[in-house]
file input-v6.tsv (TSV, C-alpha atoms and all ligand atoms)
chain	number	residue	atom	x	y	z
A	1	MET	CA	-127.20	142.90	-196.34
A	2	PRO	CA	-129.08	140.88	-193.73
A	3	SER	CA	-130.67	137.75	-195.15
A	4	THR	CA	-134.45	137.71	-195.47
A	5	SER	CA	-134.73	135.15	-192.70
A	6	SER	CA	-132.83	137.27	-190.18
A	7	ALA	CA	-134.83	140.36	-191.23
A	8	LEU	CA	-137.92	138.27	-190.61
A	9	GLU	CA	-136.71	137.11	-187.20
A	10	ARG	CA	-136.01	140.74	-186.24
A	11	SER	CA	-139.41	141.94	-187.49
A	12	PRO	CA	-141.38	143.85	-184.83
A	13	PHE	CA	-144.22	141.31	-185.01
A	14	LEU	CA	-142.07	138.24	-184.36
A	15	LEU	CA	-140.03	139.99	-181.67
A	16	ALA	CA	-143.22	141.07	-179.87
A	17	ALA	CA	-144.74	137.60	-180.22
A	18	ARG	CA	-141.63	136.28	-178.43
A	19	GLY	CA	-142.00	138.91	-175.70
A	20	GLU	CA	-139.24	141.23	-176.91
A	21	LEU	CA	-139.48	144.94	-177.57
A	22	SER	CA	-138.42	146.36	-180.94
A	23	THR	CA	-138.42	149.69	-182.77
A	24	HIS	CA	-142.22	150.04	-182.48
A	25	THR	CA	-145.38	148.22	-181.46
A	26	PRO	CA	-146.40	146.01	-184.41
A	27	VAL	CA	-149.93	146.24	-185.82
A	28	TRP	CA	-152.11	143.94	-187.87
A	29	PHE	CA	-155.88	143.54	-188.06
A	30	MET	CA	-157.92	140.40	-187.79
A	31	ARG	CA	-159.91	140.10	-191.03
A	32	GLN	CA	-157.67	142.71	-192.65
A	33	ALA	CA	-158.18	140.92	-195.97
A	34	GLY	CA	-161.80	141.25	-196.98
A	35	ARG	CA	-164.78	143.32	-197.78
A	36	ALA	CA	-163.58	146.64	-196.37
A	37	LEU	CA	-161.20	146.77	-199.35
A	38	PRO	CA	-162.53	147.75	-202.80
A	39	GLU	CA	-159.61	145.87	-204.39
A	40	TYR	CA	-160.78	142.72	-202.54
A	41	ARG	CA	-164.37	143.10	-203.74
A	42	LYS	CA	-163.07	143.52	-207.29
A	43	VAL	CA	-160.90	140.38	-207.21
A	44	ARG	CA	-163.76	138.35	-205.69
A	45	GLU	CA	-166.36	139.35	-208.32
A	46	GLY	CA	-168.17	136.22	-209.54
A	47	ILE	CA	-166.00	133.86	-207.46
A	48	THR	CA	-167.27	132.16	-204.31
A	49	MET	CA	-165.38	132.51	-201.05
A	50	LEU	CA	-164.39	128.83	-200.92
A	51	GLU	CA	-163.30	128.77	-204.56
A	52	SER	CA	-161.14	131.85	-203.98
A	53	CYS	CA	-159.39	130.01	-201.11
A	54	THR	CA	-158.32	127.20	-203.47
A	55	ARG	CA	-156.70	129.46	-206.08
A	56	PRO	CA	-153.11	130.42	-205.18
A	57	ASP	CA	-153.18	133.45	-207.51
A	58	LEU	CA	-156.17	134.87	-205.59
A	59	VAL	CA	-154.98	133.80	-202.14
A	60	VAL	CA	-151.63	135.50	-202.70
A	61	GLU	CA	-153.16	138.69	-204.11
A	62	ILE	CA	-155.84	138.99	-201.38
A	63	THR	CA	-153.36	138.26	-198.57
A	64	LEU	CA	-151.00	140.96	-199.89
A	65	GLN	CA	-153.68	143.65	-200.44
A	66	PRO	CA	-153.87	144.85	-196.81
A	67	VAL	CA	-150.08	144.69	-196.43
A	68	ARG	CA	-149.71	147.06	-199.39
A	69	ARG	CA	-152.58	149.32	-198.43
A	70	TYR	CA	-152.08	149.60	-194.65
A	71	GLY	CA	-148.39	148.88	-194.09
A	72	VAL	CA	-149.29	146.37	-191.37
A	73	ASP	CA	-146.49	144.43	-189.64
A	74	ALA	CA	-147.86	140.99	-190.51
A	75	ALA	CA	-149.94	139.30	-193.19
A	76	ILE	CA	-152.64	136.78	-192.31
A	77	PHE	CA	-153.19	133.93	-194.72
A	78	TYR	CA	-156.42	134.39	-196.69
A	79	SER	CA	-158.59	131.34	-196.05
A	80	ASP	CA	-161.37	130.40	-193.64
A	81	ILE	CA	-161.68	128.31	-190.50
A	82	VAL	CA	-163.97	125.82	-192.31
A	83	LEU	CA	-161.64	125.32	-195.29
A	84	PRO	CA	-159.88	122.19	-193.92
A	85	LEU	CA	-163.28	120.54	-193.35
A	86	LYS	CA	-164.30	121.33	-196.91
A	87	ALA	CA	-160.96	119.92	-198.07
A	88	VAL	CA	-161.64	116.54	-196.41
A	89	GLY	CA	-165.12	116.33	-197.92
A	90	VAL	CA	-167.52	117.80	-195.35
A	91	ASP	CA	-170.48	119.21	-197.29
A	92	LEU	CA	-170.48	122.91	-196.42
A	93	ASP	CA	-170.59	126.34	-197.97
A	94	ILE	CA	-169.86	129.93	-196.93
A	95	LYS	CA	-172.97	132.02	-197.58
A	96	PRO	CA	-172.30	135.72	-198.21
A	97	GLY	CA	-173.46	137.82	-195.27
A	98	VAL	CA	-174.22	134.67	-193.23
A	99	GLY	CA	-171.06	132.60	-192.79
A	100	PRO	CA	-170.35	128.86	-192.88
A	101	VAL	CA	-173.39	126.60	-193.44
A	102	VAL	CA	-173.10	122.79	-193.01
A	103	ALA	CA	-175.44	120.51	-195.00
A	104	SER	CA	-175.67	117.65	-192.45
A	105	PRO	CA	-174.94	118.81	-188.89
A	106	VAL	CA	-173.05	116.40	-186.62
A	107	ALA	CA	-175.42	114.55	-184.26
A	108	SER	CA	-174.01	111.02	-183.88
A	109	PHE	CA	-170.76	109.03	-183.80
A	110	ALA	CA	-171.41	107.97	-187.41
A	111	ASP	CA	-171.27	111.64	-188.44
A	112	LEU	CA	-167.67	111.84	-187.18
A	113	ASP	CA	-166.35	109.66	-190.02
A	114	ALA	CA	-166.31	112.68	-192.30
A	115	VAL	CA	-164.09	114.66	-189.91
A	116	ARG	CA	-160.45	113.65	-190.38
A	117	PRO	CA	-157.08	115.43	-190.44
A	118	VAL	CA	-156.03	117.15	-193.68
A	119	ARG	CA	-153.13	115.69	-195.66
A	120	PRO	CA	-150.82	117.92	-197.67
A	121	THR	CA	-152.32	116.42	-200.87
A	122	ASP	CA	-155.83	117.57	-199.80
A	123	VAL	CA	-154.64	121.18	-199.74
A	124	ALA	CA	-151.76	121.44	-202.22
A	125	TYR	CA	-153.05	124.95	-203.00
A	126	VAL	CA	-152.39	125.98	-199.38
A	127	THR	CA	-148.76	124.86	-199.52
A	128	GLU	CA	-148.29	126.57	-202.87
A	129	SER	CA	-149.94	129.82	-201.69
A	130	VAL	CA	-147.95	129.97	-198.44
A	131	GLN	CA	-144.63	129.31	-200.22
A	132	GLN	CA	-145.32	132.03	-202.77
A	133	LEU	CA	-146.45	134.47	-200.08
A	134	VAL	CA	-143.37	133.89	-197.94
A	135	SER	CA	-141.16	134.66	-200.89
A	136	GLU	CA	-143.12	137.81	-201.84
A	137	LEU	CA	-143.44	139.09	-198.26
A	138	GLY	CA	-139.69	139.03	-197.56
A	139	GLY	CA	-139.20	140.47	-194.08
A	140	THR	CA	-142.94	140.68	-193.27
A	141	PRO	CA	-144.17	137.63	-191.33
A	142	LEU	CA	-147.08	135.50	-192.53
A	143	ILE	CA	-149.51	134.32	-189.84
A	144	GLY	CA	-151.15	130.97	-190.50
A	145	PHE	CA	-154.39	130.16	-188.74
A	146	ALA	CA	-157.02	127.58	-187.91
A	147	GLY	CA	-160.30	127.48	-186.05
A	148	ALA	CA	-160.15	126.04	-182.54
A	149	PRO	CA	-162.11	122.86	-181.77
A	150	PHE	CA	-165.01	124.62	-179.99
A	151	THR	CA	-165.62	127.32	-182.61
A	152	VAL	CA	-165.43	124.88	-185.54
A	153	ALA	CA	-167.58	122.34	-183.65
A	154	SER	CA	-170.22	125.00	-183.19
A	155	TYR	CA	-170.62	125.36	-186.98
A	156	LEU	CA	-170.69	121.56	-187.41
A	157	VAL	CA	-173.23	120.96	-184.65
A	158	GLU	CA	-175.49	123.98	-185.21
A	159	GLY	CA	-175.31	123.66	-189.01
A	160	GLY	CA	-174.46	127.36	-189.31
A	161	PRO	CA	-173.79	130.51	-187.32
A	162	SER	CA	-175.47	130.63	-183.91
A	163	LYS	CA	-175.86	133.34	-181.28
A	164	ASP	CA	-176.36	131.11	-178.25
A	165	HIS	CA	-174.56	127.90	-179.37
A	166	ALA	CA	-177.42	126.05	-177.64
A	167	LYS	CA	-177.17	122.78	-179.63
A	168	THR	CA	-173.42	122.67	-179.08
A	169	LYS	CA	-173.77	123.12	-175.31
A	170	SER	CA	-176.61	120.61	-175.26
A	171	LEU	CA	-174.36	118.04	-177.00
A	172	MET	CA	-171.48	118.73	-174.57
A	173	HIS	CA	-173.57	118.09	-171.52
A	174	GLY	CA	-176.02	115.55	-172.95
A	175	ASN	CA	-173.48	113.34	-174.75
A	176	PRO	CA	-170.02	114.21	-173.42
A	177	LYS	CA	-168.44	111.13	-175.06
A	178	LEU	CA	-169.56	112.27	-178.50
A	179	TRP	CA	-168.54	115.86	-177.72
A	180	HIS	CA	-165.02	114.88	-176.69
A	181	ALA	CA	-164.66	112.59	-179.71
A	182	LEU	CA	-165.70	115.43	-182.02
A	183	ALA	CA	-163.47	118.01	-180.32
A	184	ASP	CA	-160.52	115.59	-180.37
A	185	ARG	CA	-160.95	115.08	-184.11
A	186	LEU	CA	-161.17	118.84	-184.63
A	187	ALA	CA	-157.97	119.27	-182.64
A	188	ASP	CA	-156.33	116.84	-185.08
A	189	VAL	CA	-157.77	118.81	-188.02
A	190	ALA	CA	-156.30	122.04	-186.61
A	191	ILE	CA	-152.92	120.39	-185.88
A	192	SER	CA	-152.65	118.96	-189.40
A	193	TYR	CA	-153.79	122.17	-191.11
A	194	LEU	CA	-151.50	124.41	-189.04
A	195	SER	CA	-148.54	122.05	-189.50
A	196	ILE	CA	-148.97	122.26	-193.27
A	197	GLN	CA	-148.93	126.07	-193.11
A	198	ILE	CA	-145.87	126.14	-190.82
A	199	GLU	CA	-143.98	123.61	-192.94
A	200	ALA	CA	-144.70	125.74	-196.01
A	201	GLY	CA	-143.16	128.76	-194.25
A	202	ALA	CA	-145.72	130.53	-192.03
A	203	SER	CA	-143.84	132.42	-189.26
A	204	ALA	CA	-146.54	132.27	-186.58
A	205	ILE	CA	-149.98	130.76	-186.12
A	206	GLN	CA	-153.21	131.96	-184.55
A	207	LEU	CA	-155.86	129.61	-183.22
A	208	PHE	CA	-159.24	131.38	-183.44
A	209	ASP	CA	-161.69	130.31	-180.74
A	210	SER	CA	-163.96	133.19	-181.67
A	211	TRP	CA	-167.09	131.91	-179.94
A	212	ALA	CA	-165.55	130.40	-176.76
A	213	GLY	CA	-166.86	133.40	-174.81
A	214	ALA	CA	-170.30	131.77	-174.92
A	215	LEU	CA	-169.07	129.25	-172.32
A	216	SER	CA	-168.79	129.44	-168.55
A	217	PRO	CA	-165.25	128.98	-167.19
A	218	ARG	CA	-166.34	125.63	-165.77
A	219	ASP	CA	-167.57	124.36	-169.15
A	220	TYR	CA	-164.54	125.80	-170.93
A	221	ALA	CA	-162.16	124.01	-168.54
A	222	GLU	CA	-163.91	120.67	-168.88
A	223	PHE	CA	-164.99	120.58	-172.51
A	224	VAL	CA	-162.68	122.87	-174.47
A	225	GLN	CA	-159.35	123.63	-172.81
A	226	PRO	CA	-157.90	120.09	-173.12
A	227	HIS	CA	-158.57	120.04	-176.85
A	228	SER	CA	-157.09	123.49	-177.54
A	229	ALA	CA	-154.16	122.56	-175.29
A	230	LYS	CA	-153.56	119.48	-177.46
A	231	VAL	CA	-153.23	121.76	-180.51
A	232	PHE	CA	-150.69	124.08	-178.85
A	233	ALA	CA	-148.68	121.16	-177.43
A	234	ALA	CA	-148.47	119.46	-180.82
A	235	LEU	CA	-147.15	122.62	-182.48
A	236	GLU	CA	-144.53	123.45	-179.86
A	237	GLN	CA	-141.89	121.45	-181.77
A	238	TYR	CA	-141.92	124.02	-184.60
A	239	GLY	CA	-140.81	126.88	-182.36
A	240	VAL	CA	-143.06	129.43	-184.09
A	241	PRO	CA	-145.11	131.80	-181.88
A	242	ARG	CA	-148.61	130.50	-181.18
A	243	LEU	CA	-151.40	133.09	-180.70
A	244	HIS	CA	-154.84	132.39	-179.23
A	245	PHE	CA	-157.92	134.59	-179.50
A	246	GLY	CA	-161.62	134.61	-178.73
A	247	VAL	CA	-164.39	137.19	-178.35
A	248	ASN	CA	-166.01	137.93	-174.97
A	249	THR	CA	-163.42	135.79	-173.20
A	250	GLY	CA	-162.70	138.12	-170.26
A	251	GLU	CA	-163.70	135.42	-167.77
A	252	LEU	CA	-161.67	132.82	-169.71
A	253	LEU	CA	-158.37	134.64	-170.24
A	254	GLY	CA	-156.58	132.68	-167.51
A	255	LEU	CA	-157.86	129.33	-168.76
A	256	MET	CA	-157.09	130.22	-172.38
A	257	SER	CA	-153.57	131.18	-171.38
A	258	GLU	CA	-153.18	127.85	-169.55
A	259	ALA	CA	-154.07	126.09	-172.82
A	260	GLY	CA	-150.51	126.97	-173.82
A	261	ALA	CA	-150.36	129.78	-176.38
A	262	ASP	CA	-147.43	132.22	-176.36
A	263	VAL	CA	-149.57	135.32	-177.07
A	264	ILE	CA	-153.10	135.97	-175.81
A	265	GLY	CA	-155.55	137.97	-177.90
A	266	VAL	CA	-157.96	140.17	-175.96
A	267	ASP	CA	-161.22	141.73	-177.15
A	268	TRP	CA	-162.21	145.28	-176.21
A	269	ARG	CA	-164.13	144.37	-173.04
A	270	VAL	CA	-161.10	143.90	-170.77
A	271	PRO	CA	-158.30	146.50	-170.58
A	272	LEU	CA	-154.92	145.01	-171.48
A	273	ASP	CA	-153.39	145.66	-168.04
A	274	GLU	CA	-156.22	143.71	-166.42
A	275	ALA	CA	-155.83	140.98	-169.05
A	276	VAL	CA	-152.13	140.71	-168.16
A	277	ARG	CA	-153.06	140.34	-164.46
A	278	ARG	CA	-155.46	137.48	-165.27
A	279	ILE	CA	-152.92	135.74	-167.52
A	280	THR	CA	-150.16	136.08	-164.93
A	281	ALA	CA	-152.39	134.77	-162.14
A	282	ALA	CA	-153.22	131.67	-164.19
A	283	SER	CA	-149.90	130.93	-165.88
A	284	GLY	CA	-147.48	132.16	-163.22
A	285	HIS	CA	-145.88	134.62	-165.63
A	286	PRO	CA	-147.10	137.39	-167.93
A	287	LYS	CA	-147.37	136.85	-171.69
A	288	PRO	CA	-147.39	139.18	-174.69
A	289	VAL	CA	-150.92	140.36	-175.46
A	290	GLN	CA	-152.67	141.29	-178.69
A	291	GLY	CA	-155.54	143.76	-179.13
A	292	ASN	CA	-157.78	145.53	-178.38
A	293	LEU	CA	-159.47	148.49	-180.12
A	294	ASP	CA	-163.25	148.09	-180.37
A	295	PRO	CA	-163.97	147.67	-184.12
A	296	ALA	CA	-167.19	149.67	-183.64
A	297	LEU	CA	-165.04	152.78	-183.09
A	298	LEU	CA	-163.61	152.60	-186.62
A	299	THR	CA	-166.56	154.69	-187.82
A	300	ALA	CA	-166.58	157.08	-184.83
A	301	GLY	CA	-164.14	159.61	-186.28
A	302	TRP	CA	-160.46	160.26	-185.54
A	303	PRO	CA	-161.06	162.47	-182.45
A	304	ALA	CA	-162.75	159.45	-180.84
A	305	ILE	CA	-160.21	156.87	-182.05
A	306	GLU	CA	-156.92	158.59	-181.18
A	307	PRO	CA	-157.39	158.74	-177.37
A	308	GLN	CA	-158.33	155.05	-177.42
A	309	ILE	CA	-155.06	154.20	-179.20
A	310	ASP	CA	-153.18	156.16	-176.50
A	311	ARG	CA	-155.05	154.38	-173.74
A	312	ILE	CA	-154.42	150.93	-175.23
A	313	LEU	CA	-150.69	151.63	-175.73
A	314	THR	CA	-150.44	152.79	-172.11
A	315	GLU	CA	-152.37	149.82	-170.69
A	316	ALA	CA	-150.21	147.45	-172.75
A	317	LYS	CA	-147.06	148.60	-170.95
A	318	SER	CA	-147.64	146.02	-168.22
A	319	ALA	CA	-147.20	143.19	-170.77
A	320	PRO	CA	-143.76	141.91	-171.85
A	321	ALA	CA	-144.74	143.03	-175.37
A	322	HIS	CA	-147.84	144.14	-177.26
A	323	ILE	CA	-149.19	143.50	-180.74
A	324	PHE	CA	-151.76	146.16	-181.62
A	325	ASN	CA	-154.95	144.82	-183.21
A	326	LEU	CA	-158.68	145.28	-183.05
A	327	GLY	CA	-160.70	143.46	-180.40
A	328	HIS	CA	-162.27	141.44	-183.25
A	329	GLY	CA	-162.27	141.48	-187.05
A	330	VAL	CA	-162.43	144.45	-189.43
A	331	PRO	CA	-166.11	145.02	-190.27
A	332	PRO	CA	-167.05	145.44	-193.98
A	333	THR	CA	-168.10	149.04	-193.20
A	334	ALA	CA	-164.59	150.10	-192.12
A	335	ASP	CA	-162.92	152.93	-194.02
A	336	PRO	CA	-159.52	151.70	-195.29
A	337	ASP	CA	-158.06	155.20	-194.76
A	338	VAL	CA	-158.92	155.02	-191.05
A	339	LEU	CA	-157.16	151.65	-190.74
A	340	HIS	CA	-154.10	153.06	-192.50
A	341	ARG	CA	-154.11	156.05	-190.14
A	342	ILE	CA	-154.26	153.73	-187.12
A	343	VAL	CA	-151.20	151.81	-188.33
A	344	LYS	CA	-149.24	155.05	-188.78
A	345	ALA	CA	-150.37	156.43	-185.42
A	346	VAL	CA	-149.44	153.26	-183.51
A	347	HIS	CA	-146.02	153.18	-185.20
A	348	GLU	CA	-145.34	156.84	-184.41
A	349	LYS	CA	-146.68	156.85	-180.86
A	350	SER	CA	-144.81	153.67	-179.89
A	351	ALA	CA	-141.49	154.49	-181.61
A	352	ARG	CA	-138.56	153.55	-179.36
B	1	LIG	O1	-157.96	138.81	-193.25
B	1	LIG	C1	-158.05	137.79	-192.54
B	1	LIG	O2	-158.21	137.83	-191.29
B	1	LIG	C2	-157.82	136.44	-193.19
B	1	LIG	C3	-158.96	135.79	-193.63
B	1	LIG	C4	-160.00	135.16	-192.70
B	1	LIG	C5	-161.31	134.90	-193.18
B	1	LIG	N1	-161.96	134.19	-192.23
B	1	LIG	C6	-161.81	135.29	-194.50
B	1	LIG	C7	-163.27	135.46	-194.66
B	1	LIG	C8	-159.92	134.66	-191.41
B	1	LIG	C9	-158.75	134.70	-190.44
B	1	LIG	C10	-161.16	134.03	-191.14
B	1	LIG	C11	-161.43	133.30	-189.89
B	1	LIG	C12	-162.82	133.05	-189.52
B	1	LIG	N2	-163.85	132.58	-190.31
B	1	LIG	C13	-163.28	133.13	-188.21
B	1	LIG	C14	-162.44	133.51	-187.02
B	1	LIG	C15	-162.25	134.98	-187.00
B	1	LIG	C16	-163.44	135.73	-186.50
B	1	LIG	O3	-163.95	136.56	-187.26
B	1	LIG	O4	-163.81	135.52	-185.35
B	1	LIG	C17	-164.63	132.76	-188.20
B	1	LIG	C18	-165.56	132.73	-187.01
B	1	LIG	C19	-164.98	132.41	-189.54
B	1	LIG	C20	-166.28	131.94	-190.05
B	1	LIG	C21	-166.80	132.93	-191.03
B	1	LIG	N3	-166.39	132.96	-192.35
B	1	LIG	C22	-167.68	134.03	-190.81
B	1	LIG	C23	-168.35	134.34	-189.51
B	1	LIG	C24	-167.78	134.72	-192.03
B	1	LIG	C25	-168.49	136.03	-192.29
B	1	LIG	C26	-169.82	135.90	-192.94
B	1	LIG	C27	-170.16	137.19	-193.66
B	1	LIG	O5	-170.16	137.15	-194.91
B	1	LIG	O6	-170.38	138.19	-192.99
B	1	LIG	C28	-166.98	134.05	-192.97
B	1	LIG	C29	-166.76	134.43	-194.37
B	1	LIG	C30	-165.47	135.09	-194.62
B	1	LIG	N4	-164.26	134.63	-194.20
B	1	LIG	C31	-165.28	136.28	-195.38
B	1	LIG	C32	-163.89	136.50	-195.42
B	1	LIG	C33	-163.15	137.57	-196.15
B	1	LIG	C34	-166.39	137.10	-196.03
B	1	LIG	C35	-166.94	136.36	-197.20
B	1	LIG	C36	-166.87	137.12	-198.50
B	1	LIG	O7	-166.01	137.98	-198.67
B	1	LIG	O8	-167.68	136.77	-199.36
call {"tool": "encode", "arguments": {"input": "input-v6.tsv", "output": "structure tokens"}}
result
Amino acid sequence: MPSTSSALERSPFLLAARGELSTHTPVWFMRQAGRALPEYRKVREGITMLESCTRPDLVVEITLQPVRRYGVDAAIFYSDIVLPLKAVGVDLDIKPGVGPVVASPVASFADLDAVRPVRPTDVAYVTESVQQLVSELGGTPLIGFAGAPFTVASYLVEGGPSKDHAKTKSLMHGNPKLWHALADRLADVAISYLSIQIEAGASAIQLFDSWAGALSPRDYAEFVQPHSAKVFAALEQYGVPRLHFGVNTGELLGLMSEAGADVIGVDWRVPLDEAVRRITAASGHPKPVQGNLDPALLTAGWPAIEPQIDRILTEAKSAPAHIFNLGHGVPPTADPDVLHRIVKAVHEKSAR
């Protein structure tokens, strides 16, 4: 009998994340835990999002739900990108249907005092949840995650979700010293929070820079890349695969790759073969890619979805390895049966 740890190391997800081919292309879905699942809505009844993240019984159950239901090749830790800020005392909430809302947006150096790295004692429930999950998941890897400095800064500066990130860009250009101080602190928050998850047993980590696509390449290079690069550099010592993802980042793929991740997530706007060309041009070598089915197609019917799966699997052949995913998160309107069918189809079509 192989030990759990060697089964884990040979799992299709971890092999692909290290650029190696295995028995099939692994699949997981960003936001696979959540409102598309009736069993999630049931467990969450009467409990706020942030409270649910602090209860290991709920975190473990919600993280496992999509693994059971869909047969995905990896679990993603149930939490939120603003949780570490909440844990160090930043006054914020997650409003249903809206997202994170911050009581006093960051506008001055004095406001930075509240933003400090998390200590294991601030988030004992994270360590406990990850340890329990790793033991229950056996050979299925657990992905830890954090928000990248830019995306988390946007919530702190705007005070809530924003379409244009105008206040954040205004701060970057109008007060670059304050911007860099904030982003540097948020890099330390991400490093501390991801280290805690890795030390508790997470097999890989993903840094979500969901809203980085709002930036020009020039602004990304100057104001964001050094801070995300600091996160990846600090985590290199652990030897776990580091994934990086953002939406609408076609023009940034090269720069995001240069920030140092091992796997680059791609949304649906850029075909994976073109993404590999951009990554290779920037980094000097190709990297495994993750993506990139448009989540809007989940409701389009199987005759529309299946050819897209075929196309994505074909385009991914130019990468050293591919992790199938959506181009962004599972929307609450998704039909769980369709997601399950996608997992089965990707496994069958990519079987080697
Ligand atoms: O299944 C998973 O992927 C793990 C759980 C997860 C959540 N948030 C749970 C959640 C992950 C990885 C996140 C990351 C996250 N949170 C990101 C990056 C990923 C992305 O979507 O780009 C971002 C930008 C956030 C901030 C955030 N939190 C938003 C925009 C929202 C949605 C607001 C809404 O209600 O539509 C949240 C809330 C949130 N995070 C929910 C879940 C399951 C929904 C809240 C609920 O169920 O009440």
call {"tool": "residues_near_ligand", "arguments": {"input": "input-v6.tsv", "ligand": "ligand LIG 1 (chain B)", "cutoff": "6 Å", "atoms": "all atoms listed in the file", "output": "VMD selection string"}}
result
chain A and resid 30 to 35 49 76 to 81 96 to 100 208 210 329
call {"tool": "write_last_selection", "arguments": {"input": "input-v6.tsv", "atoms": "C-alpha atoms", "output": "PDB file, in the coordinates of the input"}}
result
ATOM      1  CA  MET A  30    -157.920 140.400-187.790  1.00  0.00           C
ATOM      2  CA  ARG A  31    -159.910 140.100-191.030  1.00  0.00           C
ATOM      3  CA  GLN A  32    -157.670 142.710-192.650  1.00  0.00           C
ATOM      4  CA  ALA A  33    -158.180 140.920-195.970  1.00  0.00           C
ATOM      5  CA  GLY A  34    -161.800 141.250-196.980  1.00  0.00           C
ATOM      6  CA  ARG A  35    -164.780 143.320-197.780  1.00  0.00           C
ATOM      7  CA  MET A  49    -165.380 132.510-201.050  1.00  0.00           C
ATOM      8  CA  ILE A  76    -152.640 136.780-192.310  1.00  0.00           C
ATOM      9  CA  PHE A  77    -153.190 133.930-194.720  1.00  0.00           C
ATOM     10  CA  TYR A  78    -156.420 134.390-196.690  1.00  0.00           C
ATOM     11  CA  SER A  79    -158.590 131.340-196.050  1.00  0.00           C
ATOM     12  CA  ASP A  80    -161.370 130.400-193.640  1.00  0.00           C
ATOM     13  CA  ILE A  81    -161.680 128.310-190.500  1.00  0.00           C
ATOM     14  CA  PRO A  96    -172.300 135.720-198.210  1.00  0.00           C
ATOM     15  CA  GLY A  97    -173.460 137.820-195.270  1.00  0.00           C
ATOM     16  CA  VAL A  98    -174.220 134.670-193.230  1.00  0.00           C
ATOM     17  CA  GLY A  99    -171.060 132.600-192.790  1.00  0.00           C
ATOM     18  CA  PRO A 100    -170.350 128.860-192.880  1.00  0.00           C
ATOM     19  CA  PHE A 208    -159.240 131.380-183.440  1.00  0.00           C
ATOM     20  CA  SER A 210    -163.960 133.190-181.670  1.00  0.00           C
ATOM     21  CA  GLY A 329    -162.270 141.480-187.050  1.00  0.00           C
TER      22      GLY A 329
END
call {"tool": "atom_distance", "arguments": {"input": "input-v6.tsv", "atom1": "CA of Leu272 in chain A", "atom2": "CA of Ile191 in chain A"}}
result
28.6 Å
call {"tool": "axis_aligned_box", "arguments": {"input": "input-v6.tsv", "around": "range 177-190 of chain A", "padding_each_side": "3 Å", "output": "JSON"}}
result
{"center_x": -162.9, "center_y": 116.6, "center_z": -181.5, "size_x": 19.3, "size_y": 16.9, "size_z": 19.0}
call {"tool": "residues_near_point", "arguments": {"input": "input-v6.tsv", "point": "(-145.8, 154.0, -176.8)", "cutoff": "7 Å", "atoms": "only C-alpha atoms", "output": "PyMOL selection string"}}
result
chain A and resi 313-314+349-351
call {"tool": "residues_near_point", "arguments": {"input": "input-v6.tsv", "point": "(-152.8, 121.0, -178.7)", "cutoff": "10 Å", "atoms": "all atoms listed in the file", "output": "PyMOL selection string"}}
result
chain A and resi 148-149+184+187-188+190-191+225-236+259-261
call {"tool": "write_last_selection", "arguments": {"input": "input-v6.tsv", "atoms": "C-alpha atoms", "output": "PDB file, in the frame of the given file"}}
result
ATOM      1  CA  ALA A 148    -160.150 126.040-182.540  1.00  0.00           C
ATOM      2  CA  PRO A 149    -162.110 122.860-181.770  1.00  0.00           C
ATOM      3  CA  ASP A 184    -160.520 115.590-180.370  1.00  0.00           C
ATOM      4  CA  ALA A 187    -157.970 119.270-182.640  1.00  0.00           C
ATOM      5  CA  ASP A 188    -156.330 116.840-185.080  1.00  0.00           C
ATOM      6  CA  ALA A 190    -156.300 122.040-186.610  1.00  0.00           C
ATOM      7  CA  ILE A 191    -152.920 120.390-185.880  1.00  0.00           C
ATOM      8  CA  GLN A 225    -159.350 123.630-172.810  1.00  0.00           C
ATOM      9  CA  PRO A 226    -157.900 120.090-173.120  1.00  0.00           C
ATOM     10  CA  HIS A 227    -158.570 120.040-176.850  1.00  0.00           C
ATOM     11  CA  SER A 228    -157.090 123.490-177.540  1.00  0.00           C
ATOM     12  CA  ALA A 229    -154.160 122.560-175.290  1.00  0.00           C
ATOM     13  CA  LYS A 230    -153.560 119.480-177.460  1.00  0.00           C
ATOM     14  CA  VAL A 231    -153.230 121.760-180.510  1.00  0.00           C
ATOM     15  CA  PHE A 232    -150.690 124.080-178.850  1.00  0.00           C
ATOM     16  CA  ALA A 233    -148.680 121.160-177.430  1.00  0.00           C
ATOM     17  CA  ALA A 234    -148.470 119.460-180.820  1.00  0.00           C
ATOM     18  CA  LEU A 235    -147.150 122.620-182.480  1.00  0.00           C
ATOM     19  CA  GLU A 236    -144.530 123.450-179.860  1.00  0.00           C
ATOM     20  CA  ALA A 259    -154.070 126.090-172.820  1.00  0.00           C
ATOM     21  CA  GLY A 260    -150.510 126.970-173.820  1.00  0.00           C
ATOM     22  CA  ALA A 261    -150.360 129.780-176.380  1.00  0.00           C
TER      23      ALA A 261
END
call {"tool": "atom_distance", "arguments": {"input": "input-v6.tsv", "atom1": "CA of Thr127 in chain A", "atom2": "CA of Ala202 in chain A"}}
result
9.9 Å
call {"tool": "closest_residue", "arguments": {"input": "input-v6.tsv", "among": "A:Ala204, A:Leu297, A:Ile198, A:Leu255", "to": "Pro217 in chain A", "atoms": "only C-alpha atoms"}}
result
A:Leu255
call {"tool": "residues_around", "arguments": {"input": "input-v6.tsv", "residues": "range 60-72 of chain A", "least_positions_apart": "3", "cutoff": "10 Å", "atoms": "all atoms listed in the file", "output": "PyMOL selection string"}}
result
chain A and resi 13+26-29+31-34+36-37+39-41+43-44+52-53+55-57+75-79+128-134+136-137+140+142+336-344+347
call {"tool": "atom_distance", "arguments": {"input": "input-v6.tsv", "atom1": "CA of Glu51 in chain A", "atom2": "CA of Ile196 in chain A"}}
result
19.4 Å
call {"tool": "closest_atom_pairs", "arguments": {"input": "input-v6.tsv", "of": "range 24-105 of chain A", "to": "range 155-171 of chain A", "cutoff": "9 Å", "atoms": "all atoms listed in the file", "output": "Markdown table"}}
result
| residue | atom | partner | partner_atom | distance |
| --- | --- | --- | --- | --- |
| A:Val82 | CA | A:Tyr155 | CA | 8.5 |
| A:Leu92 | CA | A:Gly159 | CA | 8.9 |
| A:Val98 | CA | A:Pro161 | CA | 7.2 |
| A:Gly99 | CA | A:Pro161 | CA | 6.5 |
| A:Pro100 | CA | A:Gly160 | CA | 5.6 |
| A:Val101 | CA | A:Gly160 | CA | 4.3 |
| A:Val102 | CA | A:Gly159 | CA | 4.7 |
| A:Ala103 | CA | A:Gly159 | CA | 6.8 |
| A:Ser104 | CA | A:Gly159 | CA | 6.9 |
| A:Pro105 | CA | A:Gly159 | CA | 4.9 |
